[in-house]
>>> print(open('structure-v6.cif').read())   # mmCIF, C-alpha atoms
data_target
#
loop_
_atom_site.group_PDB
_atom_site.id
_atom_site.type_symbol
_atom_site.label_atom_id
_atom_site.label_comp_id
_atom_site.auth_asym_id
_atom_site.auth_seq_id
_atom_site.Cartn_x
_atom_site.Cartn_y
_atom_site.Cartn_z
ATOM 1 C CA MET Z 1 -17.681 -6.821 -4.638
ATOM 2 C CA ASP Z 2 -15.054 -5.022 -6.689
ATOM 3 C CA ARG Z 3 -17.772 -3.086 -8.525
ATOM 4 C CA THR Z 4 -19.257 -2.081 -5.165
ATOM 5 C CA LEU Z 5 -15.854 -0.917 -3.956
ATOM 6 C CA LYS Z 6 -15.626 1.331 -7.037
ATOM 7 C CA VAL Z 7 -18.775 3.094 -5.823
ATOM 8 C CA ALA Z 8 -17.421 3.370 -2.291
ATOM 9 C CA PHE Z 9 -13.997 4.615 -3.429
ATOM 10 C CA PRO Z 10 -14.350 6.299 -6.840
ATOM 11 C CA ASN Z 11 -11.083 8.214 -6.446
ATOM 12 C CA VAL Z 12 -8.199 6.024 -5.323
ATOM 13 C CA TYR Z 13 -4.509 6.863 -5.302
ATOM 14 C CA CYS Z 14 -1.196 5.951 -3.750
ATOM 15 C CA GLU Z 15 -1.152 7.389 -0.228
ATOM 16 C CA LEU Z 16 2.633 7.704 -0.276
ATOM 17 C CA ASP Z 17 3.756 11.134 -1.529
ATOM 18 C CA PHE Z 18 6.281 11.007 -4.378
ATOM 19 C CA THR Z 19 7.396 12.723 -7.571
ATOM 20 C CA THR Z 20 9.773 10.230 -9.198
ATOM 21 C CA PRO Z 21 10.043 6.409 -9.364
ATOM 22 C CA LEU Z 22 13.077 6.714 -7.069
ATOM 23 C CA ASP Z 23 11.069 8.699 -4.511
ATOM 24 C CA LEU Z 24 8.317 6.080 -4.530
ATOM 25 C CA SER Z 25 10.836 3.234 -4.247
ATOM 26 C CA VAL Z 26 12.368 4.786 -1.134
ATOM 27 C CA ALA Z 27 8.980 5.700 0.368
ATOM 28 C CA THR Z 28 7.709 2.151 -0.136
ATOM 29 C CA ILE Z 29 10.782 0.694 1.562
ATOM 30 C CA LEU Z 30 10.166 3.066 4.488
ATOM 31 C CA SER Z 31 6.479 2.079 4.682
ATOM 32 C CA ALA Z 32 7.242 -1.443 5.925
ATOM 33 C CA GLN Z 33 5.770 -1.761 9.447
ATOM 34 C CA CYS Z 34 5.014 1.974 9.352
ATOM 35 C CA THR Z 35 2.031 4.154 8.434
ATOM 36 C CA ASP Z 36 2.004 6.114 5.186
ATOM 37 C CA VAL Z 37 1.249 9.236 7.236
ATOM 38 C CA ARG Z 38 4.509 8.843 9.152
ATOM 39 C CA VAL Z 39 6.473 8.114 5.966
ATOM 40 C CA ASN Z 40 5.075 11.262 4.349
ATOM 41 C CA GLN Z 41 6.308 13.298 7.309
ATOM 42 C CA VAL Z 42 9.846 11.990 6.836
ATOM 43 C CA THR Z 43 10.285 11.931 3.065
ATOM 44 C CA PRO Z 44 10.213 15.643 2.069
ATOM 45 C CA ALA Z 45 13.535 16.303 3.818
ATOM 46 C CA LEU Z 46 14.957 12.965 2.660
ATOM 47 C CA PHE Z 47 14.016 13.517 -0.999
ATOM 48 C CA ALA Z 48 15.440 17.045 -0.914
ATOM 49 C CA ARG Z 49 18.720 15.799 0.584
ATOM 50 C CA TYR Z 50 19.063 12.815 -1.786
ATOM 51 C CA PRO Z 51 17.430 13.590 -5.148
ATOM 52 C CA THR Z 52 19.309 10.951 -7.179
ATOM 53 C CA ALA Z 53 20.352 7.308 -6.889
ATOM 54 C CA ALA Z 54 23.984 8.449 -6.749
ATOM 55 C CA ASP Z 55 23.155 10.630 -3.735
ATOM 56 C CA TYR Z 56 21.754 7.618 -1.870
ATOM 57 C CA ALA Z 57 24.686 5.466 -3.003
ATOM 58 C CA GLY Z 58 27.157 7.867 -1.403
ATOM 59 C CA ALA Z 59 25.020 8.813 1.593
ATOM 60 C CA ASN Z 60 26.341 9.007 5.135
ATOM 61 C CA ARG Z 61 24.771 6.062 6.920
ATOM 62 C CA ALA Z 62 24.387 7.811 10.294
ATOM 63 C CA GLU Z 63 22.694 10.776 8.643
ATOM 64 C CA VAL Z 64 20.158 8.604 6.810
ATOM 65 C CA GLU Z 65 19.446 6.597 9.964
ATOM 66 C CA GLU Z 66 18.710 9.779 11.886
ATOM 67 C CA MET Z 67 16.413 11.141 9.150
ATOM 68 C CA ILE Z 68 14.316 7.961 8.942
ATOM 69 C CA ARG Z 69 14.535 6.820 12.576
ATOM 70 C CA SER Z 70 10.849 7.484 13.316
ATOM 71 C CA THR Z 71 9.712 5.000 10.635
ATOM 72 C CA GLY Z 72 11.091 2.060 12.665
ATOM 73 C CA PHE Z 73 13.603 -0.628 11.671
ATOM 74 C CA TYR Z 74 15.711 2.300 10.533
ATOM 75 C CA ARG Z 75 19.020 0.412 10.394
ATOM 76 C CA ASN Z 76 17.686 -2.224 8.005
ATOM 77 C CA LYS Z 77 15.851 0.403 5.969
ATOM 78 C CA THR Z 78 19.018 2.503 5.714
ATOM 79 C CA SER Z 79 20.917 -0.521 4.404
ATOM 80 C CA SER Z 80 18.197 -1.104 1.817
ATOM 81 C CA ILE Z 81 18.068 2.540 0.694
ATOM 82 C CA ILE Z 82 21.829 2.956 0.346
ATOM 83 C CA GLY Z 83 22.056 -0.473 -1.298
ATOM 84 C CA LEU Z 84 19.269 0.523 -3.673
ATOM 85 C CA GLY Z 85 21.159 3.652 -4.705
ATOM 86 C CA GLN Z 86 24.343 1.647 -5.295
ATOM 87 C CA ALA Z 87 22.557 -1.053 -7.320
ATOM 88 C CA LEU Z 88 20.799 1.529 -9.497
ATOM 89 C CA VAL Z 89 24.088 3.328 -10.215
ATOM 90 C CA GLU Z 90 25.991 0.118 -10.911
ATOM 91 C CA ARG Z 91 23.400 -1.731 -12.973
ATOM 92 C CA PHE Z 92 20.759 0.678 -14.276
ATOM 93 C CA ASP Z 93 22.545 3.984 -14.993
ATOM 94 C CA GLY Z 94 20.989 5.482 -11.868
ATOM 95 C CA GLU Z 95 17.413 4.963 -13.069
ATOM 96 C CA VAL Z 96 14.711 2.787 -11.497
ATOM 97 C CA PRO Z 97 13.889 0.008 -14.004
ATOM 98 C CA GLY Z 98 10.313 -0.499 -15.148
ATOM 99 C CA THR Z 99 9.924 -4.277 -15.079
ATOM 100 C CA LEU Z 100 9.022 -6.665 -12.279
ATOM 101 C CA LYS Z 101 11.888 -8.985 -13.192
ATOM 102 C CA GLU Z 102 14.462 -6.202 -12.743
ATOM 103 C CA LEU Z 103 12.840 -4.504 -9.752
ATOM 104 C CA VAL Z 104 12.802 -7.625 -7.579
ATOM 105 C CA THR Z 105 16.605 -7.872 -7.900
ATOM 106 C CA LEU Z 106 17.042 -4.559 -6.063
ATOM 107 C CA PRO Z 107 17.840 -4.213 -2.331
ATOM 108 C CA GLY Z 108 14.673 -3.573 -0.298
ATOM 109 C CA PHE Z 109 12.416 -4.840 -3.086
ATOM 110 C CA GLY Z 110 10.036 -7.766 -3.007
ATOM 111 C CA ARG Z 111 7.038 -8.282 -5.261
ATOM 112 C CA LYS Z 112 4.879 -5.989 -3.121
ATOM 113 C CA THR Z 113 7.269 -3.037 -3.417
ATOM 114 C CA ALA Z 114 7.831 -3.772 -7.102
ATOM 115 C CA ASN Z 115 4.092 -3.758 -7.812
ATOM 116 C CA VAL Z 116 3.627 -0.467 -5.924
ATOM 117 C CA VAL Z 117 6.321 1.155 -8.063
ATOM 118 C CA LEU Z 118 5.142 -0.430 -11.321
ATOM 119 C CA GLY Z 119 1.509 0.500 -10.785
ATOM 120 C CA ASN Z 120 1.940 4.019 -9.470
ATOM 121 C CA ALA Z 121 5.162 5.304 -11.034
ATOM 122 C CA PHE Z 122 5.086 3.478 -14.391
ATOM 123 C CA GLY Z 123 1.399 2.776 -14.982
ATOM 124 C CA VAL Z 124 2.020 -0.986 -15.299
ATOM 125 C CA PRO Z 125 -0.856 -2.913 -13.631
ATOM 126 C CA GLY Z 126 0.141 -4.704 -10.443
ATOM 127 C CA LEU Z 127 -1.527 -6.161 -7.345
ATOM 128 C CA THR Z 128 -0.031 -4.920 -4.086
ATOM 129 C CA VAL Z 129 -0.467 -7.694 -1.552
ATOM 130 C CA ASP Z 130 0.188 -5.957 1.759
ATOM 131 C CA THR Z 131 -1.236 -6.960 5.154
ATOM 132 C CA HIS Z 132 -4.571 -5.195 4.523
ATOM 133 C CA PHE Z 133 -4.955 -6.761 1.084
ATOM 134 C CA GLY Z 134 -4.236 -10.322 2.234
ATOM 135 C CA ARG Z 135 -6.409 -10.016 5.318
ATOM 136 C CA LEU Z 136 -9.405 -8.672 3.398
ATOM 137 C CA VAL Z 137 -9.401 -11.071 0.452
ATOM 138 C CA ARG Z 138 -9.241 -13.999 2.880
ATOM 139 C CA ARG Z 139 -12.007 -12.477 5.003
ATOM 140 C CA TRP Z 140 -14.119 -12.114 1.872
ATOM 141 C CA GLY Z 141 -13.462 -15.670 0.738
ATOM 142 C CA TRP Z 142 -11.734 -14.610 -2.492
ATOM 143 C CA THR Z 143 -8.890 -16.973 -1.580
ATOM 144 C CA GLN Z 144 -7.667 -18.928 1.417
ATOM 145 C CA GLU Z 145 -4.020 -18.634 0.397
ATOM 146 C CA THR Z 146 -1.662 -16.996 2.884
ATOM 147 C CA ASP Z 147 1.500 -16.802 0.768
ATOM 148 C CA PRO Z 148 1.508 -13.305 -0.847
ATOM 149 C CA VAL Z 149 2.582 -14.613 -4.270
ATOM 150 C CA LYS Z 150 -0.255 -17.159 -4.270
ATOM 151 C CA VAL Z 151 -2.708 -14.496 -3.082
ATOM 152 C CA GLU Z 152 -1.564 -12.229 -5.912
ATOM 153 C CA ARG Z 153 -2.062 -15.007 -8.464
ATOM 154 C CA ALA Z 154 -5.498 -16.007 -7.126
ATOM 155 C CA VAL Z 155 -6.885 -12.465 -7.019
ATOM 156 C CA GLY Z 156 -5.297 -11.659 -10.380
ATOM 157 C CA GLU Z 157 -7.514 -14.316 -11.921
ATOM 158 C CA LEU Z 158 -10.646 -12.636 -10.493
ATOM 159 C CA ILE Z 159 -9.984 -9.075 -11.653
ATOM 160 C CA GLU Z 160 -9.171 -7.627 -15.081
ATOM 161 C CA ARG Z 161 -5.433 -6.986 -15.393
ATOM 162 C CA LYS Z 162 -5.916 -3.317 -16.302
ATOM 163 C CA GLU Z 163 -7.747 -2.879 -12.973
ATOM 164 C CA TRP Z 164 -5.076 -4.450 -10.763
ATOM 165 C CA THR Z 165 -3.461 -1.256 -9.466
ATOM 166 C CA ASN Z 166 -6.726 0.522 -8.672
ATOM 167 C CA ALA Z 167 -8.251 -2.662 -7.241
ATOM 168 C CA SER Z 168 -5.282 -2.840 -4.865
ATOM 169 C CA HIS Z 169 -5.917 0.736 -3.770
ATOM 170 C CA ARG Z 170 -9.646 0.089 -3.259
ATOM 171 C CA ILE Z 171 -9.003 -3.004 -1.155
ATOM 172 C CA ILE Z 172 -6.315 -1.271 0.916
ATOM 173 C CA PHE Z 173 -8.510 1.823 1.374
ATOM 174 C CA HIS Z 174 -11.373 -0.391 2.574
ATOM 175 C CA GLY Z 175 -9.038 -2.152 5.012
ATOM 176 C CA ARG Z 176 -7.835 1.128 6.456
ATOM 177 C CA ARG Z 177 -11.210 2.886 6.543
ATOM 178 C CA VAL Z 178 -13.809 0.208 7.252
ATOM 179 C CA CYS Z 179 -12.687 -3.418 7.453
ATOM 180 C CA HIS Z 180 -10.313 -3.110 10.410
ATOM 181 C CA ALA Z 181 -8.409 -6.152 11.627
ATOM 182 C CA ARG Z 182 -9.797 -6.285 15.166
ATOM 183 C CA LYS Z 183 -13.175 -4.608 14.841
ATOM 184 C CA PRO Z 184 -14.535 -4.150 11.307
ATOM 185 C CA ALA Z 185 -17.404 -1.711 10.798
ATOM 186 C CA CYS Z 186 -19.721 -4.427 9.428
ATOM 187 C CA GLY Z 187 -22.956 -2.520 10.089
ATOM 188 C CA VAL Z 188 -22.066 0.228 7.616
ATOM 189 C CA CYS Z 189 -19.941 -1.814 5.190
ATOM 190 C CA VAL Z 190 -21.053 -1.671 1.549
ATOM 191 C CA LEU Z 191 -19.852 -5.272 1.104
ATOM 192 C CA ALA Z 192 -21.685 -6.762 4.093
ATOM 193 C CA LYS Z 193 -24.430 -8.424 2.035
ATOM 194 C CA ASP Z 194 -21.819 -10.301 -0.039
ATOM 195 C CA CYS Z 195 -19.269 -10.903 2.724
ATOM 196 C CA PRO Z 196 -19.084 -14.345 4.363
ATOM 197 C CA SER Z 197 -17.463 -12.743 7.417
ATOM 198 C CA ALA Z 198 -20.119 -10.069 8.023
ATOM 199 C CA GLY Z 199 -20.796 -9.960 11.754
ATOM 200 C CA GLU Z 200 -17.180 -10.185 12.905
ATOM 201 C CA GLY Z 201 -17.654 -6.543 13.830
ATOM 202 C CA PRO Z 202 -20.727 -4.713 15.149
ATOM 203 C CA LEU Z 203 -23.793 -4.908 12.904
ATOM 204 C CA ASP Z 204 -25.561 -2.010 14.636
ATOM 205 C CA LYS Z 205 -25.247 0.896 12.212
ATOM 206 C CA LEU Z 206 -24.633 3.610 14.772
ATOM 207 C CA GLU Z 207 -22.028 1.577 16.614
ATOM 208 C CA ALA Z 208 -20.325 0.585 13.366
ATOM 209 C CA ALA Z 209 -20.375 4.167 12.058
ATOM 210 C CA LYS Z 210 -18.068 5.248 14.890
ATOM 211 C CA LEU Z 211 -15.393 2.874 13.574
ATOM 212 C CA VAL Z 212 -15.140 4.341 10.058
ATOM 213 C CA LYS Z 213 -12.003 6.422 9.432
ATOM 214 C CA GLY Z 214 -10.543 8.561 6.689
ATOM 215 C CA PRO Z 215 -11.521 11.368 4.332
ATOM 216 C CA GLU Z 216 -14.288 9.324 2.680
ATOM 217 C CA THR Z 217 -16.195 8.794 5.950
ATOM 218 C CA GLU Z 218 -19.156 11.011 5.065
ATOM 219 C CA HIS Z 219 -19.557 9.363 1.643
ATOM 220 C CA LEU Z 220 -19.261 5.844 3.090
ATOM 221 C CA LEU Z 221 -21.851 6.524 5.791
ATOM 222 C CA GLU Z 222 -24.162 8.106 3.247
ATOM 223 C CA LEU Z 223 -24.007 4.892 1.180
ATOM 224 C CA ALA Z 224 -24.913 2.968 4.351
ATOM 225 C CA GLY Z 225 -27.846 5.289 5.055
ATOM 226 C CA VAL Z 226 -26.307 6.811 8.193
ATOM 227 C CA ALA Z 227 -25.666 10.472 8.946
ATOM 228 C CA ALA Z 228 -22.021 11.324 9.644
ATOM 229 C CA GLN Z 229 -21.300 11.333 13.367
#
>>> encode(input="structure-v6.cif", output="structure tokens")
Amino acid sequence: MDRTLKVAFPNVYCELDFTTPLDLSVATILSAQCTDVRVNQVTPALFARYPTAADYAGANRAEVEEMIRSTGFYRNKTSSIIGLGQALVERFDGEVPGTLKELVTLPGFGRKTANVVLGNAFGVPGLTVDTHFGRLVRRWGWTQETDPVKVERAVGELIERKEWTNASHRIIFHGRRVCHARKPACGVCVLAKDCPSAGEGPLDKLEAAKLVKGPETEHLLELAGVAAQ
């Protein structure tokens, strides 16, 4: 199934815009319960206003809250971002550390955020178990675990370590484009023949084709033998 996903999504990437590990750390904190599209609308101004950890550490709370308000849970996220800046200044000379053990000690960081930063800012393989990832691997029967750490461990045993970051992207892309939570596009899904849950969504190709989203739509429908709608 992973090999098939490589054909479906040959070019995967982090959908959060960033330049530095600090940028990505902040963007990932903002992405909780929020779309990457929305986060990317907010972060250019935020990154320009606060380019360093010290800038976040000394930030005006009300100003940050106003800048990130549209991402939701903005009070908690502001606490995490300012706390992150302070922790980096106090403990890491203002630089984002490059190990899982250190990253998970930072405000706003859990294993998911740490793996996003490790995989995409530092090139250290990591599995990003977000809601899409967990939902899909259970739907596919890769694991029945629900705890993210146990899901990460189970899937990590199925996929080569060097592939972890890109495998995460492929799974998340598939969840956003094809294998939707409520109505998956089973009829045009490249994994349908191997998926124990095939049929949860419409199996009719034309009906399923209408459900596919994202920039890869034409390619995905071509693989399924359907003309783009």
>>> atom_distance(input="structure-v6.cif", atom1="CA of Val212 in chain Z", atom2="CA of Ala185 in chain Z")
6.5 Å
>>> resolve_selection(input="structure-v6.cif", expression="the PyMOL selection byres ((chain Z and resi 169-176) around 8)", output="PyMOL selection string")
chain Z and resi 5-6+9+12-14+132-133+136+165-168+177-181+213-214
>>> resolve_selection(input="structure-v6.cif", expression="the PyMOL selection byres ((chain Z and resi 25-31) around 7)", output="PyMOL selection string")
chain Z and resi 16+21-24+32-36+39+43+71+77+81+108+113+117
>>> resolve_selection(input="structure-v6.cif", expression="the PyMOL selection byres ((chain Z and resi 138) around 12)", output="list in words")
Val129, Thr131, His132, Phe133, Gly134, Arg135, Leu136, Val137, Arg139, Trp140, Gly141, Trp142, Thr143, Gln144, Glu145, Thr146, Asp147, Pro148, Lys150, Val151, Glu152, Ala154, Val155, Ile171, Ala181, Cys195, Pro196 and Ser197 of chain Z
>>> closest_residue(input="structure-v6.cif", among="Z:Glu66, Z:Asp130, Z:Glu207, Z:Glu90", to="Gly187 in chain Z", atoms="all atoms listed in the file")
Z:Glu207
>>> atom_distance(input="structure-v6.cif", atom1="CA of Lys183 in chain Z", atom2="CA of Leu203 in chain Z")
10.8 Å
>>> closest_residue(input="structure-v6.cif", among="Z:Arg61, Z:Ala8, Z:Gly156, Z:Ala54", to="Glu218 in chain Z", atoms="only C-alpha atoms")
Z:Ala8
>>> closest_residue(input="structure-v6.cif", among="Z:Leu211, Z:Leu118, Z:Leu191, Z:Val149", to="Trp164 in chain Z", atoms="only C-alpha atoms")
Z:Leu118
>>> atom_distance(input="structure-v6.cif", atom1="CA of Thr99 in chain Z", atom2="CA of Ile82 in chain Z")
20.8 Å
>>> closest_atom_pairs(input="structure-v6.cif", of="range 51-109 of chain Z", to="range 122-125 of chain Z", cutoff="12 Å", atoms="only C-alpha atoms", output="CSV")
residue,atom,partner,partner_atom,distance
Z:Val96,CA,Z:Phe122,CA,10.1
Z:Pro97,CA,Z:Phe122,CA,9.5
Z:Gly98,CA,Z:Phe122,CA,6.6
Z:Thr99,CA,Z:Val124,CA,8.6
Z:Leu100,CA,Z:Val124,CA,9.5
>>> axis_aligned_box(input="structure-v6.cif", around="range 55-66 of chain Z", padding_each_side="6 Å", output="AutoDock Vina command-line options")
--center_x 22.9 --center_y 8.1 --center_z 4.1 --size_x 20.4 --size_y 17.3 --size_z 27.6
>>> residues_around(input="structure-v6.cif", residues="Val226 in chain Z", least_positions_apart="5", cutoff="10 Å", atoms="all atoms listed in the file", output="PDB file with C-alpha atoms, in the frame of the given file")
ATOM      1  CA  VAL Z 188     -22.066   0.228   7.616  1.00  0.00           C
ATOM      2  CA  LYS Z 205     -25.247   0.896  12.212  1.00  0.00           C
ATOM      3  CA  LEU Z 206     -24.633   3.610  14.772  1.00  0.00           C
ATOM      4  CA  ALA Z 209     -20.375   4.167  12.058  1.00  0.00           C
ATOM      5  CA  GLU Z 218     -19.156  11.011   5.065  1.00  0.00           C
ATOM      6  CA  HIS Z 219     -19.557   9.363   1.643  1.00  0.00           C
ATOM      7  CA  LEU Z 220     -19.261   5.844   3.090  1.00  0.00           C
ATOM      8  CA  LEU Z 221     -21.851   6.524   5.791  1.00  0.00           C
TER       9      LEU Z 221
END
>>> closest_residue(input="structure-v6.cif", among="Z:Glu200, Z:Glu65, Z:Glu102, Z:Asp194", to="Arg182 in chain Z", atoms="only C-alpha atoms")
Z:Glu200
>>> residues_around(input="structure-v6.cif", residues="Thr52 in chain Z", least_positions_apart="4", cutoff="10 Å", atoms="all atoms listed in the file", output="ChimeraX atom specification")
/Z:20,22-23,47-48,56-57,85,88-89,94-95
